[in-house]
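Asks: Following this line is model.pdb, made up of PDB, C-alpha atoms:
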ATOM      1  CA  MET A 812      -4.108 -67.348 132.552
ATOM      2  CA  LYS A 813      -6.726 -69.849 133.494
ATOM      3  CA  MET A 814      -7.012 -72.284 136.355
ATOM      4  CA  SER A 815      -8.100 -75.853 135.665
ATOM      5  CA  GLU A 816     -11.837 -76.503 136.002
ATOM      6  CA  GLY A 817     -10.672 -79.254 138.304
ATOM      7  CA  VAL A 818     -10.137 -76.679 141.055
ATOM      8  CA  GLU A 819     -13.850 -75.869 141.174
ATOM      9  CA  TRP A 820     -14.745 -79.560 141.081
ATOM     10  CA  ALA A 821     -12.222 -80.424 143.774
ATOM     11  CA  LEU A 822     -13.279 -77.659 146.170
ATOM     12  CA  HIS A 823     -16.968 -78.532 145.900
ATOM     13  CA  THR A 824     -16.222 -82.237 146.219
ATOM     14  CA  CYS A 825     -14.237 -81.638 149.411
ATOM     15  CA  VAL A 826     -17.135 -79.631 150.850
ATOM     16  CA  ASN A 827     -19.504 -82.444 149.875
ATOM     17  CA  LEU A 828     -17.276 -85.069 151.490
ATOM     18  CA  SER A 829     -17.217 -82.990 154.677
ATOM     19  CA  TRP A 830     -20.955 -83.679 154.955
ATOM     20  CA  THR A 831     -20.625 -87.447 154.767
ATOM     21  CA  ASP A 832     -20.046 -89.617 157.814
ATOM     22  CA  PRO A 833     -16.382 -89.553 158.888
ATOM     23  CA  GLY A 834     -14.569 -92.619 157.626
ATOM     24  CA  GLU A 835     -17.181 -93.331 154.952
ATOM     25  CA  ALA A 836     -15.688 -93.501 151.462
ATOM     26  CA  VAL A 837     -17.651 -92.377 148.393
ATOM     27  CA  PRO A 838     -16.908 -93.778 144.931
ATOM     28  CA  ALA A 839     -15.694 -91.329 142.270
ATOM     29  CA  ALA A 840     -18.750 -92.094 140.125
ATOM     30  CA  ARG A 841     -21.098 -91.038 142.925
ATOM     31  CA  LEU A 842     -19.128 -87.847 143.577
ATOM     32  CA  ALA A 843     -19.195 -87.022 139.864
ATOM     33  CA  GLU A 844     -22.910 -87.748 139.539
ATOM     34  CA  VAL A 845     -23.811 -85.059 142.118
ATOM     35  CA  PHE A 846     -22.682 -82.336 139.701
ATOM     36  CA  ALA A 847     -23.116 -84.296 136.443
ATOM     37  CA  LEU A 848     -19.331 -84.249 135.944
ATOM     38  CA  PRO A 849     -17.383 -86.706 133.761
ATOM     39  CA  THR A 850     -16.320 -89.469 136.194
ATOM     40  CA  ALA A 851     -12.962 -90.294 134.630
ATOM     41  CA  TYR A 852     -11.871 -86.667 134.605
ATOM     42  CA  LEU A 853     -13.041 -86.045 138.183
ATOM     43  CA  ALA A 854     -11.306 -89.281 139.258
ATOM     44  CA  LYS A 855      -8.037 -87.899 137.912
ATOM     45  CA  HIS A 856      -8.406 -84.847 140.146
ATOM     46  CA  LEU A 857      -9.463 -86.976 143.121
ATOM     47  CA  GLN A 858      -6.281 -89.000 142.699
ATOM     48  CA  ALA A 859      -4.286 -85.754 142.698
ATOM     49  CA  LEU A 860      -6.012 -84.786 145.952
ATOM     50  CA  ALA A 861      -5.147 -88.203 147.391
ATOM     51  CA  ARG A 862      -1.504 -87.857 146.332
ATOM     52  CA  ALA A 863      -1.430 -84.449 148.045
ATOM     53  CA  GLY A 864      -2.781 -85.984 151.249
ATOM     54  CA  VAL A 865      -6.106 -84.128 151.133
ATOM     55  CA  LEU A 866      -8.168 -87.259 150.431
ATOM     56  CA  ILE A 867      -7.691 -90.904 151.249
ATOM     57  CA  SER A 868      -8.416 -93.373 148.490
ATOM     58  CA  THR A 869      -9.562 -96.859 149.453
ATOM     59  CA  THR A 870     -10.323 -99.850 147.265
ATOM     60  CA  GLY A 871     -12.742-102.732 147.606
ATOM     61  CA  PRO A 872     -16.543-103.023 147.567
ATOM     62  CA  ARG A 873     -17.004-100.070 149.954
ATOM     63  CA  GLY A 874     -14.042 -98.169 148.570
ATOM     64  CA  GLY A 875     -13.815 -94.654 147.268
ATOM     65  CA  PHE A 876     -12.628 -91.299 148.550
ATOM     66  CA  ARG A 877     -12.892 -89.589 151.909
ATOM     67  CA  LEU A 878     -11.277 -86.564 153.521
ATOM     68  CA  ALA A 879      -7.852 -87.387 154.944
ATOM     69  CA  ARG A 880      -8.328 -85.058 157.899
ATOM     70  CA  ASP A 881     -10.733 -82.702 159.606
ATOM     71  CA  PRO A 882     -12.174 -80.154 157.100
ATOM     72  CA  GLY A 883     -10.945 -77.418 159.448
ATOM     73  CA  ASP A 884      -7.417 -78.618 158.675
ATOM     74  CA  ILE A 885      -7.827 -78.539 154.882
ATOM     75  CA  THR A 886      -7.248 -75.086 153.440
ATOM     76  CA  LEU A 887      -8.336 -73.907 150.019
ATOM     77  CA  LEU A 888      -4.639 -73.575 149.228
ATOM     78  CA  ASP A 889      -4.150 -77.293 149.954
ATOM     79  CA  VAL A 890      -6.827 -78.124 147.390
ATOM     80  CA  VAL A 891      -5.729 -75.601 144.756
ATOM     81  CA  THR A 892      -2.088 -76.688 145.064
ATOM     82  CA  ALA A 893      -3.063 -80.356 144.758
ATOM     83  CA  ILE A 894      -4.715 -79.628 141.404
ATOM     84  CA  GLU A 895      -2.546 -76.826 140.004
ATOM     85  CA  GLY A 896       0.818 -77.825 141.449
ATOM     86  CA  PRO A 897       3.030 -75.816 143.787
ATOM     87  CA  GLU A 898       4.692 -73.534 141.222
ATOM     88  CA  ASP A 899       4.026 -69.804 141.066
ATOM     89  CA  ALA A 900       1.980 -68.591 138.097
ATOM     90  CA  PHE A 901       4.750 -66.096 137.337
ATOM     91  CA  ARG A 902       7.918 -68.022 136.507
ATOM     92  CA  CYS A 903      10.919 -65.752 136.272
ATOM     93  CA  ARG A 904      13.051 -66.728 133.256
ATOM     94  CA  GLN A 905      15.824 -64.414 134.392
ATOM     95  CA  ILE A 906      15.920 -62.278 131.275
ATOM     96  CA  LEU A 907      18.166 -59.878 133.209
ATOM     97  CA  LYS A 908      20.981 -62.393 132.657
ATOM     98  CA  ASP A 909      20.922 -61.295 128.996
ATOM     99  CA  GLY A 910      20.404 -57.596 129.817
ATOM    100  CA  PRO A 911      22.945 -54.774 130.209
ATOM    101  CA  GLY A 912      25.370 -55.739 132.991
ATOM    102  CA  GLY A 913      23.632 -59.107 133.389
ATOM    103  CA  ARG A 914      25.674 -61.600 135.404
ATOM    104  CA  PRO A 915      25.593 -65.347 134.746
ATOM    105  CA  ASP A 916      26.387 -66.141 138.404
ATOM    106  CA  VAL A 917      23.380 -64.271 139.858
ATOM    107  CA  ASP A 918      20.079 -66.038 140.531
ATOM    108  CA  TYR A 919      17.716 -63.304 139.374
ATOM    109  CA  ARG A 920      14.706 -65.318 140.532
ATOM    110  CA  ARG A 921      15.794 -64.181 143.998
ATOM    111  CA  THR A 922      17.306 -60.775 143.343
ATOM    112  CA  CYS A 923      15.260 -59.235 140.501
ATOM    113  CA  THR A 924      12.922 -56.485 141.700
ATOM    114  CA  VAL A 925      10.242 -57.483 139.169
ATOM    115  CA  SER A 926      10.418 -61.105 140.303
ATOM    116  CA  GLN A 927      10.124 -60.057 143.928
ATOM    117  CA  ALA A 928       7.109 -57.842 143.213
ATOM    118  CA  MET A 929       5.351 -60.661 141.356
ATOM    119  CA  ARG A 930       6.241 -63.035 144.177
ATOM    120  CA  ARG A 931       4.659 -60.697 146.745
ATOM    121  CA  ALA A 932       1.385 -60.743 144.787
ATOM    122  CA  GLU A 933       1.512 -64.535 144.602
ATOM    123  CA  LEU A 934       2.082 -64.711 148.360
ATOM    124  CA  ALA A 935      -0.917 -62.434 148.978
ATOM    125  CA  TRP A 936      -3.037 -64.822 146.885
ATOM    126  CA  ARG A 937      -1.696 -67.857 148.715
ATOM    127  CA  ALA A 938      -2.167 -66.254 152.127
ATOM    128  CA  GLU A 939      -5.818 -65.575 151.329
ATOM    129  CA  LEU A 940      -6.358 -69.192 150.199
ATOM    130  CA  ALA A 941      -4.430 -70.559 153.175
ATOM    131  CA  GLY A 942      -6.602 -68.529 155.543
ATOM    132  CA  GLN A 943      -9.796 -70.311 154.535
ATOM    133  CA  THR A 944     -10.628 -73.944 155.181
ATOM    134  CA  ILE A 945     -13.175 -76.395 153.821
ATOM    135  CA  ALA A 946     -14.883 -76.106 157.221
ATOM    136  CA  ASP A 947     -15.199 -72.323 156.745
ATOM    137  CA  ILE A 948     -16.842 -72.826 153.351
ATOM    138  CA  ARG A 949     -19.119 -75.522 154.756
ATOM    139  CA  ARG A 950     -20.192 -73.292 157.641
ATOM    140  CA  THR A 951     -21.090 -70.408 155.330
ATOM    141  CA  VAL A 952     -23.007 -72.695 152.961
ATOM    142  CA  GLU A 953     -24.958 -74.190 155.889
ATOM    143  CA  GLN A 954     -25.890 -70.730 157.161
ATOM    144  CA  ARG A 955     -27.063 -69.584 153.753
ATOM    145  CA  ASP A 956     -28.781 -72.755 152.629
ATOM    146  CA  PRO A 957     -29.746 -75.165 155.421
ATOM    147  CA  ALA A 958     -31.040 -77.638 152.808
ATOM    148  CA  ALA A 959     -27.620 -78.065 151.162
ATOM    149  CA  ALA A 960     -26.098 -80.496 153.675
ATOM    150  CA  PRO A 961     -29.013 -82.972 153.900
ATOM    151  CA  ALA A 962     -29.599 -82.836 150.132
ATOM    152  CA  THR A 963     -25.931 -83.558 149.437
ATOM    153  CA  ARG A 964     -25.778 -86.332 152.032
ATOM    154  CA  GLU A 965     -28.818 -87.915 150.374
ATOM    155  CA  ALA A 966     -27.289 -87.571 146.884
ATOM    156  CA  LEU A 967     -24.038 -89.217 147.998
ATOM    157  CA  ARG A 968     -25.709 -92.161 149.722
TER     158      ARG A 968
ATOM    159  CA  MET B 110      -1.339 -72.540 135.969
ATOM    160  CA  LYS B 111       1.304 -70.506 134.252
ATOM    161  CA  MET B 112       1.508 -66.884 133.275
ATOM    162  CA  SER B 113       2.774 -65.944 129.829
ATOM    163  CA  GLU B 114       6.495 -65.226 129.612
ATOM    164  CA  GLY B 115       5.307 -62.004 128.031
ATOM    165  CA  VAL B 116       4.503 -60.631 131.482
ATOM    166  CA  GLU B 117       8.174 -60.719 132.495
ATOM    167  CA  TRP B 118       9.214 -59.196 129.163
ATOM    168  CA  ALA B 119       6.553 -56.491 129.382
ATOM    169  CA  LEU B 120       7.370 -55.469 132.941
ATOM    170  CA  HIS B 121      11.094 -55.196 132.260
ATOM    171  CA  THR B 122      10.473 -53.359 129.002
ATOM    172  CA  CYS B 123       8.270 -50.811 130.784
ATOM    173  CA  VAL B 124      11.007 -50.241 133.375
ATOM    174  CA  ASN B 125      13.534 -49.835 130.558
ATOM    175  CA  LEU B 126      11.300 -47.339 128.743
ATOM    176  CA  SER B 127      10.969 -45.353 131.968
ATOM    177  CA  TRP B 128      14.715 -44.657 131.680
ATOM    178  CA  THR B 129      14.541 -43.241 128.171
ATOM    179  CA  ASP B 130      13.848 -39.579 127.467
ATOM    180  CA  PRO B 131      10.133 -38.778 127.759
ATOM    181  CA  GLY B 132       8.533 -38.686 124.326
ATOM    182  CA  GLU B 133      11.313 -40.714 122.730
ATOM    183  CA  ALA B 134      10.044 -43.853 121.008
ATOM    184  CA  VAL B 135      12.146 -47.019 120.847
ATOM    185  CA  PRO B 136      11.678 -49.589 118.069
ATOM    186  CA  ALA B 137      10.529 -53.089 119.080
ATOM    187  CA  ALA B 138      13.740 -54.584 117.660
ATOM    188  CA  ARG B 139      15.859 -52.405 119.944
ATOM    189  CA  LEU B 140      13.737 -53.248 122.993
ATOM    190  CA  ALA B 141      13.996 -56.960 122.169
ATOM    191  CA  GLU B 142      17.744 -56.800 121.616
ATOM    192  CA  VAL B 143      18.386 -55.577 125.174
ATOM    193  CA  PHE B 144      17.309 -58.952 126.556
ATOM    194  CA  ALA B 145      18.030 -61.049 123.441
ATOM    195  CA  LEU B 146      14.282 -61.684 123.042
ATOM    196  CA  PRO B 147      12.562 -62.690 119.775
ATOM    197  CA  THR B 148      11.454 -59.364 118.244
ATOM    198  CA  ALA B 149       8.227 -60.565 116.635
ATOM    199  CA  TYR B 150       7.010 -62.163 119.833
ATOM    200  CA  LEU B 151       7.934 -59.146 121.973
ATOM    201  CA  ALA B 152       6.254 -56.862 119.402
ATOM    202  CA  LYS B 153       3.026 -58.803 119.883
ATOM    203  CA  HIS B 154       3.143 -58.059 123.615
ATOM    204  CA  LEU B 155       4.097 -54.419 123.021
ATOM    205  CA  GLN B 156       1.016 -54.073 120.813
ATOM    206  CA  ALA B 157      -1.083 -55.519 123.626
ATOM    207  CA  LEU B 158       0.392 -52.919 125.983
ATOM    208  CA  ALA B 159      -0.431 -50.203 123.446
ATOM    209  CA  ARG B 160      -4.025 -51.460 123.086
ATOM    210  CA  ALA B 161      -4.314 -51.347 126.883
ATOM    211  CA  GLY B 162      -3.096 -47.746 126.937
ATOM    212  CA  VAL B 163       0.154 -48.521 128.775
ATOM    213  CA  LEU B 164       2.372 -47.751 125.772
ATOM    214  CA  ILE B 165       1.978 -45.471 122.782
ATOM    215  CA  SER B 166       2.974 -46.884 119.430
ATOM    216  CA  THR B 167       4.177 -44.488 116.758
ATOM    217  CA  THR B 168       5.183 -45.163 113.170
ATOM    218  CA  GLY B 169       7.672 -43.514 110.860
ATOM    219  CA  PRO B 170      11.485 -43.289 110.801
ATOM    220  CA  ARG B 171      11.702 -42.368 114.508
ATOM    221  CA  GLY B 172       8.752 -44.552 115.459
ATOM    222  CA  GLY B 173       8.477 -47.240 118.081
ATOM    223  CA  PHE B 174       7.086 -47.554 121.582
ATOM    224  CA  ARG B 175       7.087 -45.228 124.557
ATOM    225  CA  LEU B 176       5.261 -45.116 127.883
ATOM    226  CA  ALA B 177       1.788 -43.609 127.533
ATOM    227  CA  ARG B 178       1.988 -41.912 130.920
ATOM    228  CA  ASP B 179       4.191 -41.285 133.917
ATOM    229  CA  PRO B 180       5.698 -44.550 135.253
ATOM    230  CA  GLY B 181       4.216 -43.648 138.643
ATOM    231  CA  ASP B 182       0.792 -43.992 137.018
ATOM    232  CA  ILE B 183       1.425 -47.420 135.514
ATOM    233  CA  THR B 184       0.800 -50.222 137.994
ATOM    234  CA  LEU B 185       2.057 -53.775 137.685
ATOM    235  CA  LEU B 186      -1.608 -54.783 137.416
ATOM    236  CA  ASP B 187      -1.987 -52.558 134.325
ATOM    237  CA  VAL B 188       0.876 -54.419 132.657
ATOM    238  CA  VAL B 189      -0.154 -57.913 133.767
ATOM    239  CA  THR B 190      -3.765 -57.318 132.685
ATOM    240  CA  ALA B 191      -2.635 -56.002 129.299
ATOM    241  CA  ILE B 192      -0.804 -59.277 128.642
ATOM    242  CA  GLU B 193      -2.984 -61.818 130.451
ATOM    243  CA  GLY B 194      -6.388 -60.211 129.963
ATOM    244  CA  PRO B 195      -8.831 -59.043 132.614
ATOM    245  CA  GLU B 196     -10.417 -62.394 133.493
ATOM    246  CA  ASP B 197      -9.882 -64.091 136.837
ATOM    247  CA  ALA B 198      -7.712 -67.218 136.800
ATOM    248  CA  PHE B 199     -10.518 -69.068 138.566
ATOM    249  CA  ARG B 200     -13.563 -69.130 136.283
ATOM    250  CA  CYS B 201     -16.629 -70.427 138.040
ATOM    251  CA  ARG B 202     -18.535 -72.823 135.777
ATOM    252  CA  GLN B 203     -21.457 -72.875 138.174
ATOM    253  CA  ILE B 204     -21.455 -76.612 138.783
ATOM    254  CA  LEU B 205     -23.902 -75.965 141.638
ATOM    255  CA  LYS B 206     -26.569 -75.508 138.953
ATOM    256  CA  ASP B 207     -26.326 -79.282 138.419
ATOM    257  CA  GLY B 208     -26.004 -80.080 142.135
ATOM    258  CA  PRO B 209     -28.675 -81.021 144.709
ATOM    259  CA  GLY B 210     -31.213 -78.190 144.857
ATOM    260  CA  GLY B 211     -29.381 -76.317 142.079
ATOM    261  CA  ARG B 212     -31.446 -73.518 140.548
ATOM    262  CA  PRO B 213     -31.193 -72.539 136.890
ATOM    263  CA  ASP B 214     -32.164 -68.917 137.671
ATOM    264  CA  VAL B 215     -29.330 -68.281 140.168
ATOM    265  CA  ASP B 216     -26.001 -66.794 139.047
ATOM    266  CA  TYR B 217     -23.684 -68.925 141.175
ATOM    267  CA  ARG B 218     -20.676 -66.904 140.021
ATOM    268  CA  ARG B 219     -22.014 -64.297 142.452
ATOM    269  CA  THR B 220     -23.615 -66.399 145.162
ATOM    270  CA  CYS B 221     -21.471 -69.539 145.475
ATOM    271  CA  THR B 222     -19.312 -69.539 148.609
ATOM    272  CA  VAL B 223     -16.451 -71.294 146.799
ATOM    273  CA  SER B 224     -16.546 -68.727 143.986
ATOM    274  CA  GLN B 225     -16.511 -65.895 146.482
ATOM    275  CA  ALA B 226     -13.556 -67.361 148.366
ATOM    276  CA  MET B 227     -11.579 -67.772 145.146
ATOM    277  CA  ARG B 228     -12.533 -64.243 144.154
ATOM    278  CA  ARG B 229     -11.203 -62.864 147.448
ATOM    279  CA  ALA B 230      -7.825 -64.484 146.767
ATOM    280  CA  GLU B 231      -7.794 -63.038 143.248
ATOM    281  CA  LEU B 232      -8.587 -59.587 144.642
ATOM    282  CA  ALA B 233      -5.719 -59.890 147.149
ATOM    283  CA  TRP B 234      -3.396 -60.689 144.232
ATOM    284  CA  ARG B 235      -4.724 -57.797 142.182
ATOM    285  CA  ALA B 236      -4.510 -55.370 145.107
ATOM    286  CA  GLU B 237      -0.858 -56.231 145.603
ATOM    287  CA  LEU B 238      -0.105 -55.691 141.893
ATOM    288  CA  ALA B 239      -2.166 -52.493 141.805
ATOM    289  CA  GLY B 240      -0.206 -51.134 144.764
ATOM    290  CA  GLN B 241       3.105 -51.164 142.913
ATOM    291  CA  THR B 242       4.034 -49.003 139.959
ATOM    292  CA  ILE B 243       6.744 -49.094 137.318
ATOM    293  CA  ALA B 244       8.229 -46.068 139.123
ATOM    294  CA  ASP B 245       8.435 -48.092 142.365
ATOM    295  CA  ILE B 246      10.292 -50.874 140.572
ATOM    296  CA  ARG B 247      12.597 -48.386 138.883
ATOM    297  CA  ARG B 248      13.395 -46.678 142.192
ATOM    298  CA  THR B 249      14.324 -49.965 143.864
ATOM    299  CA  VAL B 250      16.465 -51.050 140.915
ATOM    300  CA  GLU B 251      18.284 -47.695 140.920
ATOM    301  CA  GLN B 252      18.996 -47.983 144.633
ATOM    302  CA  ARG B 253      20.350 -51.510 144.303
ATOM    303  CA  ASP B 254      22.236 -51.103 141.062
ATOM    304  CA  PRO B 255      23.135 -47.523 140.110
ATOM    305  CA  ALA B 256      24.678 -48.773 136.848
ATOM    306  CA  ALA B 257      21.391 -50.207 135.566
ATOM    307  CA  ALA B 258      19.805 -46.972 134.330
ATOM    308  CA  PRO B 259      22.790 -45.594 132.352
ATOM    309  CA  ALA B 260      23.607 -49.041 130.925
ATOM    310  CA  THR B 261      20.020 -49.499 129.758
ATOM    311  CA  ARG B 262      19.813 -45.985 128.323
ATOM    312  CA  GLU B 263      22.994 -46.698 126.378
ATOM    313  CA  ALA B 264      21.672 -50.046 125.117
ATOM    314  CA  LEU B 265      18.431 -48.468 123.918
ATOM    315  CA  ARG B 266      20.098 -45.585 122.071
TER     316      ARG B 266
END
Translate this structure into structure tokens?
Replies:
Amino acid sequence: MKMSEGVEWALHTCVNLSWTDPGEAVPAARLAEVFALPTAYLAKHLQALARAGVLISTTGPRGGFRLARDPGDITLLDVVTAIEGPEDAFRCRQILKDGPGGRPDVDYRRTCTVSQAMRRAELAWRAELAGQTIADIRRTVEQRDPAAAPATREALR
Amino acid sequence: MKMSEGVEWALHTCVNLSWTDPGEAVPAARLAEVFALPTAYLAKHLQALARAGVLISTTGPRGGFRLARDPGDITLLDVVTAIEGPEDAFRCRQILKDGPGGRPDVDYRRTCTVSQAMRRAELAWRAELAGQTIADIRRTVEQRDPAAAPATREALR
């Protein structure tokens, strides 16, 4: 099971955008250039972030992408879900329906003990991601490497 | 991001094997039949469980698969890892190496704040799966549906 590389790109790009002036949009090509990423592929993920309401996409000569809200209101789960979709990694196919005593009228995605256990693990993962925001990441990066913010701002100019 | 269907099959098969007599091996075809699963595909996952030390595979006229140890000593994480492999779903590609001030000598998989945050979520997921055993699942199933164990034992005979 492997997450899209786009998750890493998207998280770092959101942190980078949190260092730009509020309201200032950055073109996809500029955002891609910072990490030497393929522009078209990053743009696809940026559009997914815009569709999910994490970024705002604007067109025109000064168009591009900016954060849709305060980085303290964007959780890692928001970003991961925008790229990976909202579905659980474990998708119960209800094999109990075909098992001994299996009932066609039961929704085993809700009642199966295995499904519920896998769901609990997924919720623990989501809770951890929902408990951390882009602002939290930014703050830690700034503490560890004071040069990161100015260098990124310069690179995105 | 989607987990292999094999995880669901493997978990249910381990619960089913926990209801058989200790030491008694069940052929892959019989285990597949219980849930109307494709035998060859289930056998592939059973072999993975055997390689991971969750099941023991025996050959010969009474050969097949049985649990390698007490179901209370087999966690859901053991089973999921056997099928999905040990790697994290989020695989840091160290894009910071190519970013502003990026250093070729730093292992960003260890130092990057984004990587660490994603790792924490993965560990929360793993901890939840490691905290539940096949015996826990079996106990809950038996409490909810007393007919499950005898019906499964009968189907596997």
Asks: Report as a list in words all protein, DNA and RNA residues lying within 8 Å of stretch 205-214 of chain B, evaluated on all atoms listed in the file, omitting residues in the same chain fewer than 6 positions from it.
Replies: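 Skipping anything fewer than 6 positions along the chain leaves Val845, Phe846, Ala847, Ala958, Ala959, Ala962, Thr963 and Ala966 of chain A; Cys221 of chain B.
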Asks: For the ChimeraX specification (/B :<9) & /A, applied here, can you spell out every residue it catches as a JSON list (two decimals) with C-alpha atoms, in the frame of the given file?
Replies:
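Resulting contents of part_1.json:
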[["chain", "number", "residue", "atom", "x", "y", "z"],
["A", 812, "MET", "CA", -4.11, -67.35, 132.55],
["A", 813, "LYS", "CA", -6.73, -69.85, 133.49],
["A", 814, "MET", "CA", -7.01, -72.28, 136.35],
["A", 815, "SER", "CA", -8.10, -75.85, 135.66],
["A", 816, "GLU", "CA", -11.84, -76.50, 136.00],
["A", 818, "VAL", "CA", -10.14, -76.68, 141.06],
["A", 819, "GLU", "CA", -13.85, -75.87, 141.17],
["A", 820, "TRP", "CA", -14.74, -79.56, 141.08],
["A", 822, "LEU", "CA", -13.28, -77.66, 146.17],
["A", 823, "HIS", "CA", -16.97, -78.53, 145.90],
["A", 844, "GLU", "CA", -22.91, -87.75, 139.54],
["A", 845, "VAL", "CA", -23.81, -85.06, 142.12],
["A", 846, "PHE", "CA", -22.68, -82.34, 139.70],
["A", 847, "ALA", "CA", -23.12, -84.30, 136.44],
["A", 848, "LEU", "CA", -19.33, -84.25, 135.94],
["A", 887, "LEU", "CA", -8.34, -73.91, 150.02],
["A", 895, "GLU", "CA", -2.55, -76.83, 140.00],
["A", 896, "GLY", "CA", 0.82, -77.82, 141.45],
["A", 898, "GLU", "CA", 4.69, -73.53, 141.22],
["A", 899, "ASP", "CA", 4.03, -69.80, 141.07],
["A", 900, "ALA", "CA", 1.98, -68.59, 138.10],
["A", 901, "PHE", "CA", 4.75, -66.10, 137.34],
["A", 902, "ARG", "CA", 7.92, -68.02, 136.51],
["A", 903, "CYS", "CA", 10.92, -65.75, 136.27],
["A", 904, "ARG", "CA", 13.05, -66.73, 133.26],
["A", 905, "GLN", "CA", 15.82, -64.41, 134.39],
["A", 906, "ILE", "CA", 15.92, -62.28, 131.28],
["A", 907, "LEU", "CA", 18.17, -59.88, 133.21],
["A", 908, "LYS", "CA", 20.98, -62.39, 132.66],
["A", 909, "ASP", "CA", 20.92, -61.30, 129.00],
["A", 910, "GLY", "CA", 20.40, -57.60, 129.82],
["A", 911, "PRO", "CA", 22.94, -54.77, 130.21],
["A", 912, "GLY", "CA", 25.37, -55.74, 132.99],
["A", 923, "CYS", "CA", 15.26, -59.24, 140.50],
["A", 924, "THR", "CA", 12.92, -56.48, 141.70],
["A", 925, "VAL", "CA", 10.24, -57.48, 139.17],
["A", 926, "SER", "CA", 10.42, -61.10, 140.30],
["A", 928, "ALA", "CA", 7.11, -57.84, 143.21],
["A", 929, "MET", "CA", 5.35, -60.66, 141.36],
["A", 931, "ARG", "CA", 4.66, -60.70, 146.74],
["A", 932, "ALA", "CA", 1.38, -60.74, 144.79],
["A", 933, "GLU", "CA", 1.51, -64.54, 144.60],
["A", 934, "LEU", "CA", 2.08, -64.71, 148.36],
["A", 935, "ALA", "CA", -0.92, -62.43, 148.98],
["A", 936, "TRP", "CA", -3.04, -64.82, 146.88],
["A", 937, "ARG", "CA", -1.70, -67.86, 148.72],
["A", 938, "ALA", "CA", -2.17, -66.25, 152.13],
["A", 939, "GLU", "CA", -5.82, -65.58, 151.33],
["A", 940, "LEU", "CA", -6.36, -69.19, 150.20],
["A", 943, "GLN", "CA", -9.80, -70.31, 154.54],
["A", 948, "ILE", "CA", -16.84, -72.83, 153.35],
["A", 949, "ARG", "CA", -19.12, -75.52, 154.76],
["A", 951, "THR", "CA", -21.09, -70.41, 155.33],
["A", 952, "VAL", "CA", -23.01, -72.69, 152.96],
["A", 958, "ALA", "CA", -31.04, -77.64, 152.81],
["A", 959, "ALA", "CA", -27.62, -78.06, 151.16],
["A", 962, "ALA", "CA", -29.60, -82.84, 150.13],
["A", 963, "THR", "CA", -25.93, -83.56, 149.44],
["A", 965, "GLU", "CA", -28.82, -87.92, 150.37],
["A", 966, "ALA", "CA", -27.29, -87.57, 146.88]]
Asks: Would you work out the distance separating atom CA of B:Ala134 from atom CA of B:Gly162, expressed in Å to one decimal?
Replies: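 The value is 14.9 Å.
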Asks: Just say which residues the PyMOL selection byres ((chain A and resi 857) around 12) picks in this file, as a ChimeraX atom specification.
Replies: /A:817-818,820-825,828,837-840,842-843,850-856,858-869,875-879,890,893-894
Asks: Quick one: distance from atom CA of B:Gly172 to atom CA of B:Pro255 in Å, one decimal?
Replies: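 Separating atom CA of B:Gly172 from atom CA of B:Pro255 is a distance of 28.7 Å.
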Asks: In Å, how far is it from atom CA of B:Gly132 to atom CA of B:Pro180?
Replies: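 That distance, rounded to one decimal, is 12.7 Å.
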Asks: Using only the atoms of stretch 814-819 of chain A listed in the file, plus 3 Å on each side, state the axis-aligned box centre and edge lengths in Å rounded to one decimal, as AutoDock Vina command-line options.
Replies:
--center_x -10.4 --center_y -75.8 --center_z 138.4 --size_x 12.8 --size_y 13.0 --size_z 11.5
